[in-house]
$ cat work30.cif   # mmCIF, C-alpha atoms
data_coords
loop_
_atom_site.label_atom_id
_atom_site.label_comp_id
_atom_site.auth_asym_id
_atom_site.auth_seq_id
_atom_site.Cartn_x
_atom_site.Cartn_y
_atom_site.Cartn_z
CA MET E 1 104.54 23.52 -146.49
CA GLN E 2 102.01 23.46 -149.33
CA ASN E 3 102.90 23.90 -152.98
CA VAL E 4 102.55 27.57 -153.87
CA SER E 5 101.09 28.45 -157.26
CA HIS E 6 100.39 32.14 -156.57
CA ALA E 7 102.98 34.83 -155.89
CA TRP E 8 100.99 35.83 -152.81
CA GLY E 9 100.94 32.27 -151.50
CA GLU E 10 97.96 29.98 -150.98
CA PRO E 11 95.63 30.65 -148.05
CA VAL E 12 94.31 27.84 -145.90
CA TRP E 13 90.84 28.50 -147.36
CA SER E 14 91.04 26.00 -150.20
CA LEU E 15 87.37 25.69 -151.17
CA PRO E 16 87.14 26.20 -154.94
CA ILE E 17 84.59 28.78 -156.03
CA VAL E 18 83.11 27.45 -159.25
CA MET E 19 81.14 29.99 -161.28
CA THR E 20 79.10 29.72 -164.45
CA PRO E 21 81.35 30.77 -167.39
CA ARG E 22 79.94 33.85 -169.11
CA VAL E 23 80.79 35.55 -172.39
CA LEU E 24 80.73 39.34 -172.32
CA THR E 25 79.32 41.02 -175.41
CA ASP E 26 80.82 44.26 -176.68
CA GLY E 27 78.34 47.07 -176.11
CA ALA E 28 76.42 45.21 -173.40
CA ARG E 29 74.27 47.35 -171.13
CA PHE E 30 73.35 46.80 -167.49
CA ASP E 31 71.34 48.69 -164.90
CA VAL E 32 74.19 48.36 -162.41
CA ALA E 33 77.80 47.27 -162.96
CA VAL E 34 79.60 46.15 -159.82
CA VAL E 35 83.38 46.09 -160.08
CA GLY E 36 85.01 43.50 -157.83
CA ALA E 37 83.74 40.10 -156.67
CA GLY E 38 84.80 40.30 -153.04
CA PHE E 39 82.73 41.01 -149.94
CA THR E 40 81.73 44.56 -150.91
CA GLY E 41 80.90 43.82 -154.54
CA LEU E 42 78.96 40.61 -153.93
CA ALA E 43 77.07 42.06 -150.97
CA THR E 44 76.10 45.11 -153.04
CA ALA E 45 74.89 42.91 -155.90
CA HIS E 46 72.88 40.68 -153.57
CA TYR E 47 71.14 43.53 -151.79
CA LEU E 48 70.39 45.29 -155.08
CA LEU E 49 68.71 42.17 -156.43
CA HIS E 50 66.86 41.72 -153.16
CA LEU E 51 65.54 45.29 -153.25
CA SER E 52 64.74 45.26 -156.98
CA PRO E 53 64.22 41.77 -158.41
CA GLY E 54 64.69 41.80 -162.16
CA LEU E 55 67.37 44.49 -162.07
CA GLN E 56 70.11 43.81 -164.61
CA VAL E 57 73.17 43.53 -162.36
CA ALA E 58 76.61 42.46 -163.58
CA VAL E 59 79.65 41.84 -161.39
CA PHE E 60 83.03 42.18 -163.10
CA GLU E 61 86.02 40.46 -161.50
CA ALA E 62 89.56 40.83 -162.84
CA GLN E 63 90.55 37.33 -161.75
CA GLN E 64 88.24 34.93 -159.92
CA VAL E 65 85.71 35.38 -157.16
CA GLY E 66 87.61 35.87 -153.91
CA ALA E 67 91.03 36.18 -155.55
CA GLY E 68 91.83 39.44 -153.77
CA ALA E 69 91.59 40.66 -150.20
CA SER E 70 88.28 38.94 -149.38
CA GLY E 71 89.52 35.43 -150.16
CA ARG E 72 92.80 36.04 -148.35
CA THR E 73 91.54 37.53 -145.11
CA GLY E 74 91.96 35.71 -141.84
CA GLY E 75 88.20 35.74 -141.51
CA LEU E 76 87.95 37.67 -138.23
CA VAL E 77 84.50 39.20 -137.84
CA LEU E 78 84.52 42.51 -135.93
CA GLU E 79 82.05 45.29 -135.27
CA ASP E 80 82.36 48.89 -136.47
CA THR E 81 85.25 50.45 -138.44
CA ALA E 82 88.96 50.54 -137.67
CA ILE E 83 88.45 53.79 -135.70
CA GLY E 84 85.28 52.69 -133.96
CA PRO E 85 81.57 53.28 -134.56
CA LEU E 86 80.54 55.59 -137.39
CA PRO E 87 76.94 56.59 -138.14
CA GLY E 88 75.45 54.91 -141.16
CA VAL E 89 77.38 51.66 -140.89
CA GLU E 90 76.21 50.33 -137.55
CA ASP E 91 75.25 46.72 -136.79
CA CYS E 92 77.90 45.15 -139.01
CA ILE E 93 77.91 41.77 -137.27
CA ALA E 94 74.13 41.59 -137.13
CA THR E 95 73.94 42.37 -140.86
CA LEU E 96 76.43 39.62 -141.71
CA HIS E 97 74.71 37.13 -139.40
CA GLU E 98 71.30 37.88 -140.91
CA LEU E 99 72.65 37.48 -144.45
CA VAL E 100 74.27 34.14 -143.64
CA SER E 101 71.14 32.90 -141.86
CA THR E 102 68.51 34.02 -144.34
CA GLN E 103 70.47 32.84 -147.39
CA ALA E 104 71.55 29.57 -145.73
CA ILE E 105 75.24 30.15 -146.47
CA GLU E 106 77.40 27.44 -144.88
CA CYS E 107 80.58 29.27 -143.87
CA ASP E 108 81.40 28.15 -140.30
CA LEU E 109 80.29 31.52 -138.90
CA ARG E 110 80.64 31.88 -135.14
CA VAL E 111 80.05 35.24 -133.48
CA GLU E 112 80.55 34.40 -129.82
CA GLY E 113 83.06 37.14 -129.10
CA CYS E 114 86.62 38.26 -129.75
CA TRP E 115 89.47 38.74 -127.31
CA GLU E 116 91.45 41.94 -127.13
CA ILE E 117 94.77 40.81 -125.70
CA GLY E 118 97.76 42.81 -124.57
CA ARG E 119 100.99 42.96 -122.62
CA ARG E 120 99.51 45.36 -120.07
CA ARG E 121 96.26 45.48 -118.09
CA GLY E 122 95.62 41.78 -118.66
CA GLN E 123 92.99 40.01 -116.61
CA ALA E 124 94.36 38.08 -113.65
CA THR E 125 92.10 35.17 -114.64
CA SER E 126 93.11 35.25 -118.31
CA PRO E 127 93.12 31.70 -119.69
CA LEU E 128 95.70 32.79 -122.23
CA GLN E 129 99.19 33.70 -121.02
CA TRP E 130 101.58 33.67 -123.92
CA THR E 131 105.16 34.84 -124.18
CA ASP E 132 105.56 37.43 -126.93
CA HIS E 133 107.61 40.57 -126.16
CA GLY E 134 106.14 40.33 -122.68
CA THR E 135 103.17 38.25 -121.52
CA LEU E 136 100.00 38.38 -123.58
CA ARG E 137 96.79 38.12 -121.59
CA VAL E 138 93.12 38.72 -122.29
CA VAL E 139 92.21 42.36 -121.60
CA ASN E 140 88.65 42.59 -122.93
CA VAL E 141 86.01 40.51 -124.65
CA ILE E 142 84.24 42.38 -127.45
CA PRO E 143 81.58 41.47 -130.04
CA GLY E 144 83.10 39.44 -132.83
CA GLY E 145 83.85 36.03 -134.21
CA ALA E 146 85.19 34.32 -137.32
CA PHE E 147 84.16 32.46 -140.46
CA ASP E 148 85.52 30.78 -143.58
CA PRO E 149 85.72 33.62 -146.13
CA ARG E 150 85.79 31.48 -149.27
CA LYS E 151 82.82 29.39 -148.20
CA PHE E 152 80.96 32.65 -147.59
CA LEU E 153 81.97 34.07 -150.99
CA ALA E 154 81.00 30.85 -152.76
CA GLY E 155 77.60 30.76 -151.09
CA LEU E 156 76.88 34.42 -151.75
CA ALA E 157 78.00 34.18 -155.39
CA ARG E 158 75.68 31.23 -155.96
CA ARG E 159 72.82 33.15 -154.40
CA ILE E 160 73.44 36.13 -156.72
CA GLU E 161 73.23 33.84 -159.75
CA GLN E 162 69.99 32.38 -158.42
CA GLN E 163 68.65 35.92 -158.10
CA GLY E 164 69.41 36.59 -161.76
CA GLY E 165 72.69 38.45 -161.36
CA GLN E 166 75.62 37.78 -163.69
CA ILE E 167 79.21 37.37 -162.48
CA PHE E 168 81.94 37.74 -165.10
CA GLU E 169 85.34 36.40 -164.04
CA HIS E 170 88.60 37.32 -165.80
CA ALA E 171 86.90 40.58 -166.77
CA ALA E 172 89.20 43.37 -165.60
CA VAL E 173 87.82 46.91 -165.67
CA THR E 174 90.61 49.08 -167.02
CA GLY E 175 88.81 52.33 -167.76
CA VAL E 176 85.80 54.37 -166.71
CA ASP E 177 84.26 57.26 -168.65
CA MET E 178 81.90 59.54 -166.73
CA ALA E 179 82.27 62.46 -169.14
CA GLN E 180 78.97 62.00 -170.96
CA ARG E 181 75.46 62.23 -169.61
CA GLY E 182 73.46 59.04 -169.48
CA ASP E 183 75.23 55.72 -169.08
CA VAL E 184 78.73 55.35 -167.68
CA ARG E 185 81.08 53.59 -170.08
CA LEU E 186 83.47 50.96 -168.80
CA SER E 187 86.36 49.28 -170.57
CA VAL E 188 86.09 45.63 -169.54
CA ALA E 189 88.47 42.98 -170.87
CA GLY E 190 88.88 44.88 -174.12
CA LYS E 191 85.16 45.50 -174.58
CA THR E 192 82.92 48.51 -173.95
CA VAL E 193 80.16 48.10 -171.38
CA HIS E 194 77.42 50.61 -170.59
CA ALA E 195 75.83 50.89 -167.16
CA ALA E 196 73.34 53.33 -165.68
CA ARG E 197 75.17 53.09 -162.36
CA VAL E 198 78.50 51.66 -161.23
CA VAL E 199 79.89 50.51 -157.88
CA PHE E 200 83.63 50.04 -157.32
CA GLY E 201 84.41 47.57 -154.54
CA THR E 202 87.91 46.55 -155.51
CA ASN E 203 89.92 47.34 -152.38
CA ALA E 204 93.12 49.19 -153.31
CA TYR E 205 92.83 48.40 -157.02
CA CYS E 206 90.46 51.31 -157.57
CA LEU E 207 92.93 53.93 -156.29
CA LEU E 208 94.78 54.62 -159.54
CA LEU E 209 91.77 54.14 -161.80
CA LEU E 210 89.65 56.64 -159.85
CA GLY E 211 92.42 59.05 -158.89
CA LEU E 212 92.37 58.23 -155.18
CA GLU E 213 96.11 57.87 -154.63
CA ASP E 214 96.16 60.79 -152.19
CA TRP E 215 93.34 59.29 -150.13
CA ALA E 216 94.76 55.84 -149.43
CA GLU E 217 97.61 53.42 -150.01
CA ASP E 218 97.91 49.69 -150.51
CA VAL E 219 99.91 47.21 -148.43
CA HIS E 220 100.05 43.47 -147.80
CA THR E 221 99.60 41.77 -144.46
CA VAL E 222 100.95 38.26 -143.88
CA ALA E 223 99.43 35.19 -142.25
CA VAL E 224 100.25 31.54 -141.65
CA ALA E 225 98.29 28.43 -140.76
CA THR E 226 99.41 25.48 -138.69
CA GLN E 227 98.65 21.81 -138.89
CA SER E 228 95.36 20.73 -137.31
CA LEU E 229 95.85 20.61 -133.55
CA GLY E 230 94.09 18.48 -130.97
CA ASP E 231 92.03 19.60 -128.01
CA ASP E 232 94.93 18.74 -125.70
CA VAL E 233 97.11 21.38 -127.35
CA PHE E 234 94.43 24.08 -127.16
CA ASP E 235 93.79 23.18 -123.52
CA ALA E 236 97.50 23.40 -122.75
CA ILE E 237 97.98 26.83 -124.32
CA GLY E 238 94.84 28.32 -122.75
CA TRP E 239 92.91 28.58 -126.01
CA ALA E 240 90.31 25.88 -125.40
CA SER E 241 87.53 28.33 -126.30
CA ARG E 242 89.17 29.04 -129.68
CA THR E 243 88.07 32.67 -129.34
CA PRO E 244 89.53 34.91 -132.07
CA PHE E 245 91.91 37.62 -130.85
CA TYR E 246 93.98 40.63 -131.76
CA THR E 247 96.53 42.59 -129.74
CA LEU E 248 95.93 46.09 -128.42
CA ASP E 249 99.62 46.96 -128.48
CA LEU E 250 102.65 46.35 -130.65
CA PRO E 251 104.11 44.18 -132.06
CA TYR E 252 100.72 43.38 -133.55
CA LEU E 253 99.34 39.86 -133.66
CA TRP E 254 95.93 38.41 -134.52
CA GLY E 255 94.62 34.89 -134.65
CA ARG E 256 91.73 32.47 -134.90
CA VAL E 257 91.10 28.74 -135.21
CA THR E 258 89.55 27.09 -138.26
CA ALA E 259 86.68 24.61 -138.05
CA ASP E 260 89.16 21.74 -138.42
CA GLY E 261 91.51 22.92 -135.69
CA CYS E 262 94.22 24.84 -137.57
CA MET E 263 95.62 27.96 -135.96
CA VAL E 264 95.63 30.95 -138.30
CA ILE E 265 97.85 33.76 -137.03
CA GLY E 266 99.01 36.94 -138.73
CA GLY E 267 100.89 40.15 -138.17
CA GLY E 268 103.20 42.47 -140.06
CA LEU E 269 103.02 44.51 -143.27
CA THR E 270 105.02 44.38 -146.49
CA ALA E 271 104.95 45.54 -150.15
CA ARG E 272 103.59 48.94 -149.17
CA GLY E 273 102.40 50.88 -152.21
CA ASN E 274 103.07 48.01 -154.58
CA ILE E 275 100.75 45.12 -153.78
CA ALA E 276 100.64 43.82 -157.34
CA GLN E 277 104.33 42.96 -157.05
CA GLY E 278 103.98 41.31 -153.64
CA ASN E 279 105.64 37.92 -153.34
CA VAL E 280 105.86 35.52 -150.41
CA ASN E 281 109.47 34.78 -151.35
CA ALA E 282 110.61 38.40 -151.52
CA PRO E 283 113.29 39.15 -148.87
CA ASP E 284 111.09 41.46 -146.77
CA ALA E 285 108.13 39.09 -146.86
CA ALA E 286 110.25 36.03 -146.14
CA HIS E 287 111.74 37.82 -143.13
CA LEU E 288 108.23 38.62 -141.85
CA PHE E 289 107.08 35.03 -142.27
CA ASN E 290 110.16 33.64 -140.53
CA SER E 291 109.70 36.10 -137.67
CA LEU E 292 105.99 35.28 -137.35
CA GLU E 293 106.61 31.56 -137.26
CA HIS E 294 109.33 32.05 -134.65
CA ARG E 295 106.89 34.08 -132.53
CA ILE E 296 104.19 31.40 -132.79
CA ARG E 297 106.51 28.62 -131.67
CA GLY E 298 107.65 30.79 -128.77
CA LEU E 299 104.17 31.60 -127.47
CA HIS E 300 103.97 28.44 -125.38
CA PRO E 301 106.06 25.26 -124.91
CA ALA E 302 103.24 23.19 -126.43
CA LEU E 303 103.80 25.03 -129.72
CA HIS E 304 107.58 24.63 -129.95
CA GLN E 305 107.35 21.95 -132.64
CA VAL E 306 104.14 23.05 -134.36
CA ARG E 307 104.22 22.58 -138.14
CA ILE E 308 103.36 25.51 -140.41
CA THR E 309 101.41 24.38 -143.47
CA HIS E 310 100.45 27.63 -145.24
CA ARG E 311 101.99 31.05 -145.80
CA TRP E 312 100.13 33.78 -147.63
CA MET E 313 99.77 37.50 -148.14
CA GLY E 314 96.59 39.57 -148.39
CA PRO E 315 96.16 43.15 -149.62
CA LEU E 316 94.85 45.90 -147.38
CA CYS E 317 93.89 49.50 -148.14
CA PHE E 318 94.85 52.13 -145.56
CA THR E 319 93.26 55.57 -145.71
CA THR E 320 95.00 58.72 -144.51
CA ASP E 321 92.52 59.27 -141.68
CA SER E 322 91.76 55.57 -141.01
CA LYS E 323 88.10 56.01 -141.98
CA PRO E 324 86.75 53.84 -144.78
CA ILE E 325 86.14 55.56 -148.09
CA ILE E 326 82.50 55.60 -149.12
CA ALA E 327 82.28 58.14 -151.89
CA ASN E 328 80.10 59.41 -154.70
CA MET E 329 82.51 59.99 -157.57
CA ASP E 330 79.96 61.65 -159.79
CA THR E 331 77.56 64.53 -159.07
CA ALA E 332 74.82 62.63 -160.90
CA GLY E 333 75.17 59.82 -158.39
CA ARG E 334 76.08 57.25 -161.03
CA VAL E 335 79.41 56.03 -159.62
CA LEU E 336 80.01 54.95 -156.02
CA VAL E 337 83.18 53.58 -154.47
CA ALA E 338 83.87 51.83 -151.18
CA THR E 339 87.34 50.88 -149.96
CA GLY E 340 89.92 51.59 -147.27
CA TYR E 341 88.73 49.26 -144.53
CA ARG E 342 92.18 49.06 -142.93
CA GLY E 343 92.01 45.36 -142.12
CA HIS E 344 88.63 45.75 -140.45
CA GLY E 345 86.45 44.96 -143.40
CA VAL E 346 84.84 41.54 -143.12
CA ALA E 347 81.50 42.45 -141.53
CA LEU E 348 81.89 46.15 -142.38
CA SER E 349 82.11 45.47 -146.11
CA VAL E 350 78.86 43.51 -146.06
CA ARG E 351 77.18 46.33 -144.15
CA ILE E 352 78.54 48.87 -146.64
CA GLY E 353 77.32 46.71 -149.53
CA LYS E 354 73.83 46.87 -148.08
CA LEU E 355 74.16 50.65 -147.67
CA LEU E 356 75.32 51.13 -151.27
CA ALA E 357 72.39 49.11 -152.58
CA GLU E 358 69.99 51.23 -150.56
CA VAL E 359 71.59 54.44 -151.84
CA LEU E 360 71.39 53.29 -155.45
CA GLU E 361 67.73 52.35 -155.05
CA GLY E 362 66.84 55.65 -153.39
CA GLN E 363 66.23 54.05 -150.00
CA GLY E 364 69.22 55.49 -148.16
CA ALA E 365 71.92 58.14 -148.19
CA LEU E 366 75.68 58.16 -147.86
CA PRO E 367 76.86 59.00 -144.32
CA ALA E 368 77.62 62.64 -143.51
CA TRP E 369 81.28 61.74 -142.97
CA SER E 370 81.61 60.27 -146.49
CA TYR E 371 84.19 61.69 -148.86
CA GLN E 372 82.86 64.34 -151.24
CA PRO E 373 83.03 63.92 -155.04
CA LEU E 374 86.35 64.69 -156.61
CA SER E 375 86.92 67.58 -158.98
CA SER E 376 85.35 67.46 -162.45
CA SER E 377 88.66 66.37 -163.94
CA TYR E 378 87.92 62.85 -162.70
CA ARG E 379 84.42 62.65 -164.18
#
$ encode --input "work30.cif" --output "structure tokens"
Amino acid sequence: MQNVSHAWGEPVWSLPIVMTPRVLTDGARFDVAVVGAGFTGLATAHYLLHLSPGLQVAVFEAQQVGAGASGRTGGLVLEDTAIGPLPGVEDCIATLHELVSTQAIECDLRVEGCWEIGRRRGQATSPLQWTDHGTLRVVNVIPGGAFDPRKFLAGLARRIEQQGGQIFEHAAVTGVDMAQRGDVRLSVAGKTVHAARVVFGTNAYCLLLLGLEDWAEDVHTVAVATQSLGDDVFDAIGWASRTPFYTLDLPYLWGRVTADGCMVIGGGLTARGNIAQGNVNAPDAAHLFNSLEHRIRGLHPALHQVRITHRWMGPLCFTTDSKPIIANMDTAGRVLVATGYRGHGVALSVRIGKLLAEVLEGQGALPAWSYQPLSSSYR
């Protein structure tokens, strides 16, 4: 097992994301302030700069690029939202694929399909037949794939800097003031920042700040990675295609294979409502990890002795109705928020980032199913 320097564990995605150090000036003003340097925030910044070159765009990240949910995802790429297609956010995979292709981002993206597997209604010809509370077989093949999330984040962050955007790390946004007309005021790392428009793409971290506690809740999911495995092992277990998968029934399980042959498999939730205090060594989390590793070794005889190299947790945001939150928090249209992807946010968050940029530049509108602005007490 790897040395763990973070309470949430260290994901298998070890690529360092090196950014240009920036000093934030008190009283600085930007055309758009993007809060959060994950998939949603970086995608929004990129598309804004693409639509309006020369726009003064700043991205504020409390820790480092990819430190939150985006850098800790398993990297499964799926279409639509957690409850299926919703108008206004279609073509998620195509949007991600186009972004990666046009910006030449090297992130091991493969979108050749995803297996839905289950313990019932499995295909008789399923190459995969694993033992896990019954027999898991392939049920359907749907659009999807996988990529390396940190390579993607690193490539997109570099592109934003090349476009003239500024990314400030270790710049936590702790307050937002929408009370006055004109610019929105943000409290950022002890300084005051002014922005004509603001986008919050911080996963569950925006809930308390924006008064969204009744709309969604935070929780951690857990994942592990194995040693690099040879083709003979993947052939033996029926996973020669290395197609990503997730289960249609419970107990839930998802998995994919990295470019260098490591199995990444996850399932289970912990630290509900208190993700900041999540810890891989906490009793509940440790029990989940032990159970997950036991399940993996029991899937097939060829995995009985497989070595686990990484354990980590990643925060999710679950909404009350399972729809993502895409909301205008201000009647003047100055403050937008996007969160609540329910573990289905890799391609969706990029698509939403494109949508938010279009809305801010007057080239699109929020979907009809979007949440309405909150009461004036939050402005």
$ closest_residue --input "work30.cif" --among "E:Gln63, E:Asp26, E:Gln56, E:Ile117" --to "Asp249 of chain E" --atoms "all atoms listed in the file"
E:Ile117
$ closest_residue --input "work30.cif" --among "E:Gly134, E:Pro143, E:Gly66, E:Gly261" --to "Arg295 of chain E" --atoms "only C-alpha atoms"
E:Gly134
$ atom_distance --input "work30.cif" --atom1 "atom CA of Phe147 of chain E" --atom2 "atom CA of Ser126 of chain E"
24.1 Å
$ resolve_selection --input "work30.cif" --expression "the PyMOL selection byres ((chain E and resi 156-171) around 6)" --output "PyMOL selection string"
chain E and resi 22+46+57-64+153-155+172+188-189
$ resolve_selection --input "work30.cif" --expression "the PyMOL selection byres ((chain E and resi 218-224) around 8)" --output "compact mmCIF listing (two decimals) with C-alpha atoms, keeping the file's coordinate frame"
# COMPACT_ATOMS: atom_id res chain seq x y z
CA PRO E 11 95.63 30.65 -148.05
CA GLY E 74 91.96 35.71 -141.84
CA ALA E 204 93.12 49.19 -153.31
CA ALA E 216 94.76 55.84 -149.43
CA GLU E 217 97.61 53.42 -150.01
CA ALA E 225 98.29 28.43 -140.76
CA THR E 226 99.41 25.48 -138.69
CA VAL E 264 95.63 30.95 -138.30
CA ILE E 265 97.85 33.76 -137.03
CA GLY E 266 99.01 36.94 -138.73
CA GLY E 267 100.89 40.15 -138.17
CA GLY E 268 103.20 42.47 -140.06
CA LEU E 269 103.02 44.51 -143.27
CA THR E 270 105.02 44.38 -146.49
CA ALA E 271 104.95 45.54 -150.15
CA ARG E 272 103.59 48.94 -149.17
CA GLY E 273 102.40 50.88 -152.21
CA ASN E 274 103.07 48.01 -154.58
CA ILE E 275 100.75 45.12 -153.78
CA GLY E 278 103.98 41.31 -153.64
CA ALA E 285 108.13 39.09 -146.86
CA LEU E 288 108.23 38.62 -141.85
CA PHE E 289 107.08 35.03 -142.27
CA GLU E 293 106.61 31.56 -137.26
CA ILE E 308 103.36 25.51 -140.41
CA THR E 309 101.41 24.38 -143.47
CA HIS E 310 100.45 27.63 -145.24
CA ARG E 311 101.99 31.05 -145.80
CA TRP E 312 100.13 33.78 -147.63
CA MET E 313 99.77 37.50 -148.14
CA GLY E 314 96.59 39.57 -148.39
CA PRO E 315 96.16 43.15 -149.62
CA LEU E 316 94.85 45.90 -147.38
CA CYS E 317 93.89 49.50 -148.14
CA PHE E 318 94.85 52.13 -145.56
$ closest_residue --input "work30.cif" --among "E:Ala67, E:Leu76, E:Met329, E:Leu360" --to "Leu212 of chain E" --atoms "all atoms listed in the file"
E:Met329
$ atom_distance --input "work30.cif" --atom1 "atom CA of Leu78 of chain E" --atom2 "atom CA of Thr131 of chain E"
25.0 Å
$ residues_around --input "work30.cif" --residues "His194 of chain E" --least-positions-apart "5" --cutoff "7 Å" --atoms "all atoms listed in the file" --output "list in words"
Gly27, Ala28, Arg29, Phe30, Asp183, Val184, Arg185 and Leu186 of chain E
$ atom_distance --input "work30.cif" --atom1 "atom CA of Thr95 of chain E" --atom2 "atom CA of Gly41 of chain E"
15.4 Å
$ residues_around --input "work30.cif" --residues "Lys354 of chain E" --least-positions-apart "3" --cutoff "12 Å" --atoms "only C-alpha atoms" --output "PyMOL selection string"
chain E and resi 39-51+88-92+95-96+98-99+338+347-351+357-361+363-366
$ closest_residue --input "work30.cif" --among "E:Thr202, E:Thr319, E:Thr247, E:Asn290" --to "Val141 of chain E" --atoms "all atoms listed in the file"
E:Thr247
$ resolve_selection --input "work30.cif" --expression "the PyMOL selection byres ((chain E and resi 305) around 12)" --output "ChimeraX atom specification"
/E:226-227,229,233,293-294,296-304,306-308
$ closest_atom_pairs --input "work30.cif" --of "segment 118-203 of chain E" --to "segment 332-335 of chain E" --cutoff "6 Å" --atoms "all atoms listed in the file" --output "tab-separated table"
residue	atom	partner	partner_atom	distance
E:Arg197	CA	E:Arg334	CA	4.5
E:Val198	CA	E:Val335	CA	4.7
E:Val199	CA	E:Val335	CA	5.8
$ residues_around --input "work30.cif" --residues "Ser187 of chain E" --least-positions-apart "4" --cutoff "7 Å" --atoms "all atoms listed in the file" --output "list in words"
Val173, Thr174, Gly175, Val176, Lys191, Thr192 and Val193 of chain E
$ decode --input "work30.cif" --residues "segment 47-79 of chain E" --atoms "C-alpha atoms" --output "CSV table (one decimal), in the first residue's frame"
chain,number,residue,atom,x,y,z
E,47,TYR,CA,-15.4,28.0,-22.9
E,48,LEU,CA,-15.7,31.6,-21.7
E,49,LEU,CA,-12.2,32.4,-23.0
E,50,HIS,CA,-13.0,30.6,-26.2
E,51,LEU,CA,-16.2,32.6,-26.7
E,52,SER,CA,-14.7,35.9,-25.6
E,53,PRO,CA,-11.0,36.1,-26.0
E,54,GLY,CA,-9.6,38.9,-23.8
E,55,LEU,CA,-12.2,38.4,-21.1
E,56,GLN,CA,-10.6,38.8,-17.6
E,57,VAL,CA,-11.3,35.3,-16.1
E,58,ALA,CA,-10.0,34.2,-12.7
E,59,VAL,CA,-10.4,30.7,-11.3
E,60,PHE,CA,-10.1,30.5,-7.5
E,61,GLU,CA,-9.3,27.1,-5.9
E,62,ALA,CA,-9.2,26.5,-2.2
E,63,GLN,CA,-6.4,23.9,-2.4
E,64,GLN,CA,-4.8,22.8,-5.7
E,65,VAL,CA,-6.2,22.1,-9.1
E,66,GLY,CA,-8.0,18.7,-9.0
E,67,ALA,CA,-7.8,18.4,-5.2
E,68,GLY,CA,-11.5,17.7,-4.8
E,69,ALA,CA,-14.0,15.4,-6.5
E,70,SER,CA,-12.6,15.9,-10.0
E,71,GLY,CA,-9.1,14.6,-9.2
E,72,ARG,CA,-10.5,11.8,-7.1
E,73,THR,CA,-13.0,10.3,-9.5
E,74,GLY,CA,-12.6,6.9,-11.0
E,75,GLY,CA,-12.7,8.6,-14.4
E,76,LEU,CA,-15.7,6.8,-15.8
E,77,VAL,CA,-17.2,8.7,-18.7
E,78,LEU,CA,-21.0,8.4,-19.1
E,79,GLU,CA,-23.7,10.1,-21.0
